[in-house]
Amino acid sequence: MNRVDPPQRVLLGPGPSDVAPSVLRALGAPTLGHLDPKTLEIMGELATALRAIFETQNPWTLAISGTGTSGMEATLVNLIEPGDRVLVAVHGYFGARLADIAKRVGGDVTVVEQEWGRPSDPAQLRAAAAGRKFKVLAAVHAETSTGVRQELAPLAALADELGALFVADAVTSLGCLPVGVDRARVDAVYSCSQKGLSCTSGLSPVTFSPRAVDAIKRRKQPVSSFYLDVPLLERYWHGDHLYHHTACSNLFAALHEATRLVLEEGLEARFARHARLSKALVAGLEALGLELLVPASDRLPQLLAVKIPDGVDDVKVRKALLEQYSIEIGGGLGPFKGKLWRIGLMGSGATPRNVLLALSALAAVLATSGFRARGEPIAAAGAALAS
């Protein structure tokens with residue numbers, strides 16, 4: 001068996017993002033037991049940091065052992081009991097996954113489909129509710145499949161009308177965009193460690209409002225998943241630390257360092273950095289002659305969905321970027337497979353260097369595919385960075 005020696009990549013896809021050196025060093029720290037006093041201390045500090053980044057005072061804030069999908073499933077399996085009415089806004093691949101999991105845990109699910117590439121319309125959701133009460137209203141804040149941003153406050157107001165708990169997917173927004181859990185009045189939010197927080201994958205930050213906690217405590221049936229039972233996880237994290245599962249101290253240490261870097265930079269400065277660099281990347285892509293899927297008003301700064309020009313082979317371009325420049329970008333999902341590239345500037349990967357590197361490499365690869373650039377992408381991006 002050969003030694004594993006991964007190549008150095010520039011991760012500019014929909015996730016994971018580049019990991020800061022200090023986070024990798026934290027990941028390589030000595031392994032501790034999952035009940036070691038130092039592990040518990042790290043967990044306590046990590047929960048405090050996550051509250052600050054979520055912008056919430058929720059006591060039930062922790063990181064689940066698993067990827068963002070584990071956070072999605074944990075949120076739904078704890079809040080939904082068989083027969084509960086659930087209204088799901090679907091405007092992309094991960095909204096559809098929300099609906100799928102809600103059905104699997106026994107919810108009576110009403111799905112409201114929106115054209116992919118546009119946010120969901122609260123009026124359409126209200127019409128689909130047809131005057132009925134719902135247990136949960138769920139939506140994706142930052143749709144990873146399309147680069148669409150969904151405003152949360154209007155959906156929180158709709159949830160109030162429906163008597164529903166409001167669940168939001170912040171997998172691609174946390175650390176890049178304001179989530180503002182308390183300000184937007186979101187009852188349950190889940191995210192991941194490997195995108196805007198620029199850690200490795202393996203943890204899913206979650207937070208539950210007092211209303212959500214009350215609903216969980218008033219369940220008629222036990223949570224059907226032991227591993228994702230949030231009251232048990234909460235007891236391990238913040239109660240008497242009763243053993244629940246063998247959590248990984250190395251992952252906790254790495255996410256602790258990643259969140260420390262976020263707070264050291266400051267949330268407003270971090271959000272401004274993502275917005276500024278996205279503006280530069282958009283300027284360069286448009287100078288190349290490429291078109292973006294999402295209008296500027298609904299577009300995520302940290303993840304751009306770029307339409308693939310006619311006659312250009314999706315896979316060949318991404319393969320050339322990977323093999324010739326060691327750059328990873330993402331392809332399209334669902335109906336956009338083969339029709340979109342997804343280019344991410346998240347966390348530690350959101351740098352001027354990566355903007356210029358992505359544009360110069362993409363321009364070179366497209367030129368070999370017979371695509372003629374409309375203008376000078378580097379000059380356009382440089383002008384945007386200087387403005």
# chains A, B, ... in the order shown; residues from 1 in each chain; ligands from 1
>>> residues_around(residues="A:Leu27", least_positions_apart="5", cutoff="8 Å", atoms="only C-alpha atoms", output="list in words")
Asn250, Leu251, Ala253 and Ala254 of chain A
>>> residues_around(residues="A:Arg318", least_positions_apart="4", cutoff="10 Å", atoms="only C-alpha atoms", output="list in words")
Asp313, Asp314, Leu322, Glu323, Gln324, Ile327, Glu328, Ile329, Gly330, Gly331, Trp341, Leu362 and Val365 of chain A
>>> write_last_selection(atoms="N, CA and C atoms", output="compact mmCIF listing (two decimals), in the first residue's frame")
# COMPACT_ATOMS: atom_id res chain seq x y z
N ASP A 313 -17.64 22.20 -23.85
CA ASP A 313 -17.87 20.96 -23.11
C ASP A 313 -17.59 21.16 -21.62
N ASP A 314 -18.61 20.97 -20.82
CA ASP A 314 -18.52 21.17 -19.38
C ASP A 314 -17.40 20.35 -18.76
N LEU A 322 -8.59 21.29 -13.55
CA LEU A 322 -8.05 20.47 -12.47
C LEU A 322 -6.66 19.95 -12.81
N GLU A 323 -6.50 19.44 -14.01
CA GLU A 323 -5.23 18.80 -14.37
C GLU A 323 -4.13 19.80 -14.70
N GLN A 324 -4.48 20.91 -15.34
CA GLN A 324 -3.46 21.87 -15.76
C GLN A 324 -3.18 22.95 -14.72
N ILE A 327 -7.14 23.57 -10.18
CA ILE A 327 -8.28 24.34 -9.71
C ILE A 327 -9.54 23.49 -9.83
N GLU A 328 -10.31 23.42 -8.74
CA GLU A 328 -11.58 22.71 -8.77
C GLU A 328 -12.73 23.71 -8.79
N ILE A 329 -13.61 23.58 -9.80
CA ILE A 329 -14.90 24.27 -9.78
C ILE A 329 -15.98 23.20 -9.89
N GLY A 330 -17.23 23.57 -9.64
CA GLY A 330 -18.30 22.60 -9.65
C GLY A 330 -19.11 22.62 -10.93
N GLY A 331 -19.75 21.50 -11.22
CA GLY A 331 -20.69 21.43 -12.33
C GLY A 331 -22.11 21.63 -11.85
N TRP A 341 -21.53 26.05 -14.55
CA TRP A 341 -20.39 25.91 -13.65
C TRP A 341 -20.73 26.65 -12.37
N LEU A 362 -9.46 30.04 -16.43
CA LEU A 362 -10.68 29.80 -17.19
C LEU A 362 -10.56 30.39 -18.59
N VAL A 365 -8.30 28.07 -20.68
CA VAL A 365 -8.94 26.80 -21.05
C VAL A 365 -10.04 27.03 -22.08
>>> closest_residue(among="A:Asp121, A:Glu257, A:Glu291, A:Glu234", to="A:Gly28", atoms="only C-alpha atoms")
A:Glu257
>>> residues_around(residues="stretch 53-65 of chain A", least_positions_apart="3", cutoff="8 Å", atoms="only C-alpha atoms", output="VMD selection string")
chain A and resid 46 to 47 49 to 50 70 to 71 174 to 175 178 to 183 202 to 210 213 228 233 to 234 237 247 to 248 259 262 to 263 267
>>> select_by_dssp(residues="stretch 119-189 of chain A", states="alpha helix (DSSP H)", output="list of chain:residue names")
A:Pro122, A:Ala123, A:Gln124, A:Leu125, A:Arg126, A:Ala127, A:Ala128, A:Ala129, A:Ala153, A:Pro154, A:Leu155, A:Ala156, A:Ala157, A:Leu158, A:Ala159, A:Asp160, A:Glu161, A:Leu162, A:Val181, A:Asp182, A:Arg183, A:Ala184
>>> residues_around(residues="A:Leu242", least_positions_apart="2", cutoff="12 Å", atoms="only C-alpha atoms", output="PyMOL selection string")
chain A and resi 34-35+40+231-240+244-246
>>> select_by_dssp(residues="stretch 126-372 of chain A", states="strand (DSSP E or B)", output="PyMOL selection string")
chain A and resi 136-140+142-143+148-149+165-169+174+177+188-190+203-208+292+299+303-307+327-328+330-331+340-344
>>> closest_residue(among="A:Leu366, A:Ala350, A:Leu32, A:Leu76", to="A:Asp229", atoms="only C-alpha atoms")
A:Leu76
>>> closest_residue(among="A:Pro16, A:Ser348, A:Glu286, A:Arg9", to="A:Pro377", atoms="only C-alpha atoms")
A:Glu286
>>> closest_residue(among="A:Ala129, A:Leu11, A:Leu292, A:Ala358", to="A:Lys195", atoms="only C-alpha atoms")
A:Leu11
>>> atom_distance(atom1="atom CA of A:Leu288", atom2="atom CA of A:Phe271")
25.9 Å
>>> closest_residue(among="A:Ala275, A:Ala367, A:Ala128, A:Leu340", to="A:Leu385", atoms="only C-alpha atoms")
A:Ala275
>>> residues_around(residues="A:Gly83", least_positions_apart="2", cutoff="10 Å", atoms="only C-alpha atoms", output="list in words")
Ile80, Glu81, Arg85, Val86, Lys103, Val105, Gly106, Gly107, Asp108, Val109 and Lys135 of chain A
>>> residues_around(residues="A:Val140", least_positions_apart="2", cutoff="7 Å", atoms="only C-alpha atoms", output="list in words")
Gly95, Ala142, Glu143, Gln150, Ala168, Asp169 and Ala170 of chain A
>>> write_last_selection(atoms="C-alpha atoms", output="short mmCIF file (atom, residue, chain, number, x, y, z; two decimals), in the first residue's frame")
data_model
loop_
_atom_site.label_atom_id
_atom_site.label_comp_id
_atom_site.auth_asym_id
_atom_site.auth_seq_id
_atom_site.Cartn_x
_atom_site.Cartn_y
_atom_site.Cartn_z
CA GLY A 95 -34.76 22.43 -1.25
CA ALA A 142 -28.31 29.98 0.16
CA GLU A 143 -29.17 27.43 -2.54
CA GLN A 150 -33.48 33.67 -0.21
CA ALA A 168 -33.58 27.49 7.32
CA ASP A 169 -30.71 25.77 5.53
CA ALA A 170 -27.57 27.91 6.02
#
>>> closest_residue(among="A:Val10, A:Leu79, A:Leu304, A:Ala89", to="A:Lys220", atoms="only C-alpha atoms")
A:Leu79
